[in-house]
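Novice: Shown below is the structure under consideration.
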There are 2 protein chains.
Amino acid sequence: MRIDREQATQVTMPAKEHRRTRQRAAVDEVLDETDDFISAQELHALLRARGAGVGLATVYRTLQTLADDGRVDVLRSDAGEAVYRRCVREEHHHHLVCRSCGATVEIAGPTVERWAKSVADQHGYTDVSHTLEIFGTCPRCAAA
Amino acid sequence: MRIDREQATQVTMPAKEHRRTRQRAAVDEVLDETDDFISAQELHALLRARGAGVGLATVYRTLQTLADDGRVDVLRSDAGEAVYRRCVREEHHHHLVCRSCGATVEIAGPTVERWAKSVADQHGYTDVSHTLEIFGTCPRCAAA
DNA sequence: TGCCGTTTTGACAATGGTTGTCACTCTTGA
DNA sequence: TCAAGAGTGACAACCATTGTCAAAACGGCA
């Protein structure tokens, strides 16, 4: 087995230069307009719908690259599908996600960071990182 | 999109009665012997290796059932593969997982529970649940 | 103990997200 | 402008997981 969610706490790294292409711009644009997490498949469908067709493989590659560069957050829905979102904060943070509509609030939790660190230390674990996501029903969905 | 990791905090529910079969016993046995998270595929291969062949679909169904009953913990490795482990604690808890060997420590963190709850409240989110996993390198692997 | 309605199983097909391939195209620096 | 090489896209390949359905196993009951 191999569990590896380093990007969860990874410090935003340098970010190699990449070429500017129509496809990347298109993906970027959608990410900019989208406040909630979106899957590669959805993003691909969206691009196709608005005429700016981009290959599915390219969408995946682009998102992968963005994620590697720490420019988007990656989460896994329970279905195992990876969902992406442009991250607002540069530092490490967590999410409060609406279970029904996907509306997301980014959260910074120094408390938790410290707690996680101390728990890990306590058990002798080093090179520590963590994932933490909170799910719930947002006010808007609760009202509906 | 649909994000739904309720089982993360779901209170351990009743657990309907199920028939006792050779296959379920075999899966149970492996889970009992295994301290770390194991994937359905690995579990299936293991069973086959030790002669107690159990169909792959059955392994998946059995694990699914156990998870529904709150008898095993489910996590998703970064590869998106679901990994299972008999849970020791009955109450809600988190994991400190070794990135390299998978060794796991179960953690109870009332601090975090409270924090998550308050953050959610603060943003008007209701029906809250959360996932939190800590990854690191265990002392044994660090020494190696 | 034998019988019967149900649950469970297993082999296999089907799904669906994601990645690999590879010839072709576009961006970039000189 | 040009060449080198990064980036693209159509499609095949992967692979974990789920659906299907007839056959087998269970448990309760007579």
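We label chains A, B, ... in the order they appear in the structure tokens, count residues from 1 in each chain, and number ligands from 1 in the order shown.
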Using only C-alpha atoms (C1' of nucleotides), select each residue of chain B with any atom at most 9 Å away from an atom of chain D, and give the selection as an MDAnalysis selection string.

Specialist: chainID B and resid 19:21 41 57 60 80:82

Novice: Go ahead and write the residues just picked, all heavy atoms, as a PDB file, in the first residue's frame.

Specialist:
```pdb
ATOM      1  N   ARG B  19     -25.701 -13.490   7.811  1.00  0.00           N
ATOM      2  CA  ARG B  19     -25.422 -14.929   7.922  1.00  0.00           C
ATOM      3  C   ARG B  19     -23.942 -15.183   8.087  1.00  0.00           C
ATOM      4  O   ARG B  19     -23.118 -14.471   7.534  1.00  0.00           O
ATOM      5  CB  ARG B  19     -25.920 -15.643   6.669  1.00  0.00           C
ATOM      6  CG  ARG B  19     -27.419 -15.681   6.586  1.00  0.00           C
ATOM      7  CD  ARG B  19     -27.837 -16.584   5.456  1.00  0.00           C
ATOM      8  NE  ARG B  19     -29.281 -16.677   5.399  1.00  0.00           N
ATOM      9  CZ  ARG B  19     -29.933 -17.288   4.410  1.00  0.00           C
ATOM     10  NH1 ARG B  19     -29.268 -17.830   3.417  1.00  0.00           N
ATOM     11  NH2 ARG B  19     -31.239 -17.347   4.432  1.00  0.00           N
ATOM     12  N   ARG B  20     -23.634 -16.211   8.817  1.00  0.00           N
ATOM     13  CA  ARG B  20     -22.224 -16.567   8.999  1.00  0.00           C
ATOM     14  C   ARG B  20     -21.817 -17.479   7.855  1.00  0.00           C
ATOM     15  O   ARG B  20     -22.424 -18.548   7.668  1.00  0.00           O
ATOM     16  CB  ARG B  20     -22.030 -17.305  10.335  1.00  0.00           C
ATOM     17  CG  ARG B  20     -21.747 -16.408  11.513  1.00  0.00           C
ATOM     18  CD  ARG B  20     -22.978 -15.535  11.909  1.00  0.00           C
ATOM     19  NE  ARG B  20     -24.148 -16.278  12.336  1.00  0.00           N
ATOM     20  CZ  ARG B  20     -24.260 -16.869  13.514  1.00  0.00           C
ATOM     21  NH1 ARG B  20     -23.276 -16.792  14.370  1.00  0.00           N
ATOM     22  NH2 ARG B  20     -25.360 -17.509  13.842  1.00  0.00           N
ATOM     23  N   THR B  21     -20.839 -17.097   7.091  1.00  0.00           N
ATOM     24  CA  THR B  21     -20.396 -17.930   5.975  1.00  0.00           C
ATOM     25  C   THR B  21     -18.888 -18.080   6.027  1.00  0.00           C
ATOM     26  O   THR B  21     -18.213 -17.288   6.676  1.00  0.00           O
ATOM     27  CB  THR B  21     -20.760 -17.292   4.610  1.00  0.00           C
ATOM     28  OG1 THR B  21     -19.997 -16.093   4.461  1.00  0.00           O
ATOM     29  CG2 THR B  21     -22.225 -16.966   4.530  1.00  0.00           C
ATOM     30  N   GLN B  41      -8.245  -5.510  -2.933  1.00  0.00           N
ATOM     31  CA  GLN B  41      -7.450  -6.312  -3.860  1.00  0.00           C
ATOM     32  C   GLN B  41      -6.402  -7.120  -3.110  1.00  0.00           C
ATOM     33  O   GLN B  41      -6.216  -8.306  -3.359  1.00  0.00           O
ATOM     34  CB  GLN B  41      -6.759  -5.406  -4.883  1.00  0.00           C
ATOM     35  CG  GLN B  41      -7.702  -4.573  -5.709  1.00  0.00           C
ATOM     36  CD  GLN B  41      -8.364  -5.348  -6.829  1.00  0.00           C
ATOM     37  OE1 GLN B  41      -7.974  -6.451  -7.158  1.00  0.00           O
ATOM     38  NE2 GLN B  41      -9.399  -4.754  -7.419  1.00  0.00           N
ATOM     39  N   ALA B  57     -15.619 -10.097  -5.920  1.00  0.00           N
ATOM     40  CA  ALA B  57     -16.862  -9.355  -5.678  1.00  0.00           C
ATOM     41  C   ALA B  57     -17.319  -9.566  -4.247  1.00  0.00           C
ATOM     42  O   ALA B  57     -17.800  -8.640  -3.593  1.00  0.00           O
ATOM     43  CB  ALA B  57     -17.934  -9.815  -6.648  1.00  0.00           C
ATOM     44  N   TYR B  60     -15.311  -7.448  -1.862  1.00  0.00           N
ATOM     45  CA  TYR B  60     -15.785  -6.070  -1.904  1.00  0.00           C
ATOM     46  C   TYR B  60     -17.093  -5.938  -1.129  1.00  0.00           C
ATOM     47  O   TYR B  60     -17.273  -5.024  -0.335  1.00  0.00           O
ATOM     48  CB  TYR B  60     -16.010  -5.618  -3.349  1.00  0.00           C
ATOM     49  CG  TYR B  60     -14.773  -5.048  -3.978  1.00  0.00           C
ATOM     50  CD1 TYR B  60     -14.021  -5.790  -4.880  1.00  0.00           C
ATOM     51  CD2 TYR B  60     -14.336  -3.760  -3.654  1.00  0.00           C
ATOM     52  CE1 TYR B  60     -12.872  -5.269  -5.457  1.00  0.00           C
ATOM     53  CE2 TYR B  60     -13.197  -3.232  -4.229  1.00  0.00           C
ATOM     54  CZ  TYR B  60     -12.467  -3.990  -5.133  1.00  0.00           C
ATOM     55  OH  TYR B  60     -11.334  -3.468  -5.693  1.00  0.00           O
ATOM     56  N   GLY B  80      -6.531   6.693  -4.738  1.00  0.00           N
ATOM     57  CA  GLY B  80      -7.970   6.580  -4.866  1.00  0.00           C
ATOM     58  C   GLY B  80      -8.469   5.189  -4.519  1.00  0.00           C
ATOM     59  O   GLY B  80      -9.657   4.901  -4.608  1.00  0.00           O
ATOM     60  N   GLU B  81      -7.564   4.351  -4.091  1.00  0.00           N
ATOM     61  CA  GLU B  81      -7.951   2.995  -3.735  1.00  0.00           C
ATOM     62  C   GLU B  81      -8.478   3.015  -2.301  1.00  0.00           C
ATOM     63  O   GLU B  81      -7.925   3.689  -1.443  1.00  0.00           O
ATOM     64  CB  GLU B  81      -6.714   2.096  -3.822  1.00  0.00           C
ATOM     65  CG  GLU B  81      -7.007   0.637  -4.006  1.00  0.00           C
ATOM     66  CD  GLU B  81      -5.720  -0.181  -4.034  1.00  0.00           C
ATOM     67  OE1 GLU B  81      -4.670   0.330  -3.655  1.00  0.00           O
ATOM     68  OE2 GLU B  81      -5.787  -1.339  -4.425  1.00  0.00           O
ATOM     69  N   ALA B  82      -9.533   2.268  -2.060  1.00  0.00           N
ATOM     70  CA  ALA B  82     -10.081   2.226  -0.702  1.00  0.00           C
ATOM     71  C   ALA B  82      -9.311   1.191   0.100  1.00  0.00           C
ATOM     72  O   ALA B  82      -9.046   0.105  -0.384  1.00  0.00           O
ATOM     73  CB  ALA B  82     -11.556   1.854  -0.759  1.00  0.00           C
TER      74      ALA B  82
END
```

Novice: Provide as a VMD selection string the residues of chain B at most 9 Å from chain A, counting only C-alpha atoms.

Specialist: chain B and resid 1 to 6 37 to 39 42 76 to 83 96 to 102 105 107 109 111 to 112 115 to 117 119 to 120 123 to 139 142

Novice: Please find the residues of chain C near chain B - the criterion being any atom within 8 Å, counting only C-alpha atoms (C1' of nucleotides) - and write them as a list in words.

Specialist: DT7, DT9 and DG10 of chain C

Novice: Just the strand (DSSP E or B) stuff from region 11-126 of chain A, please, per backbone DSSP, written as a ChimeraX atom specification.

Specialist: /A:38-39,72-76,82-86,94-98,104-107,126

Novice: Report the distance between CA of Val72 (chain B) and CA of Tyr84 (chain B) in Å, rounded to one decimal place.

Specialist: 6.3 Å

Novice: Report the residues of region 99-138 of chain A whose backbone DSSP state falls under alpha helix (DSSP H), written as number ranges by chain.

Specialist: A: 110-122
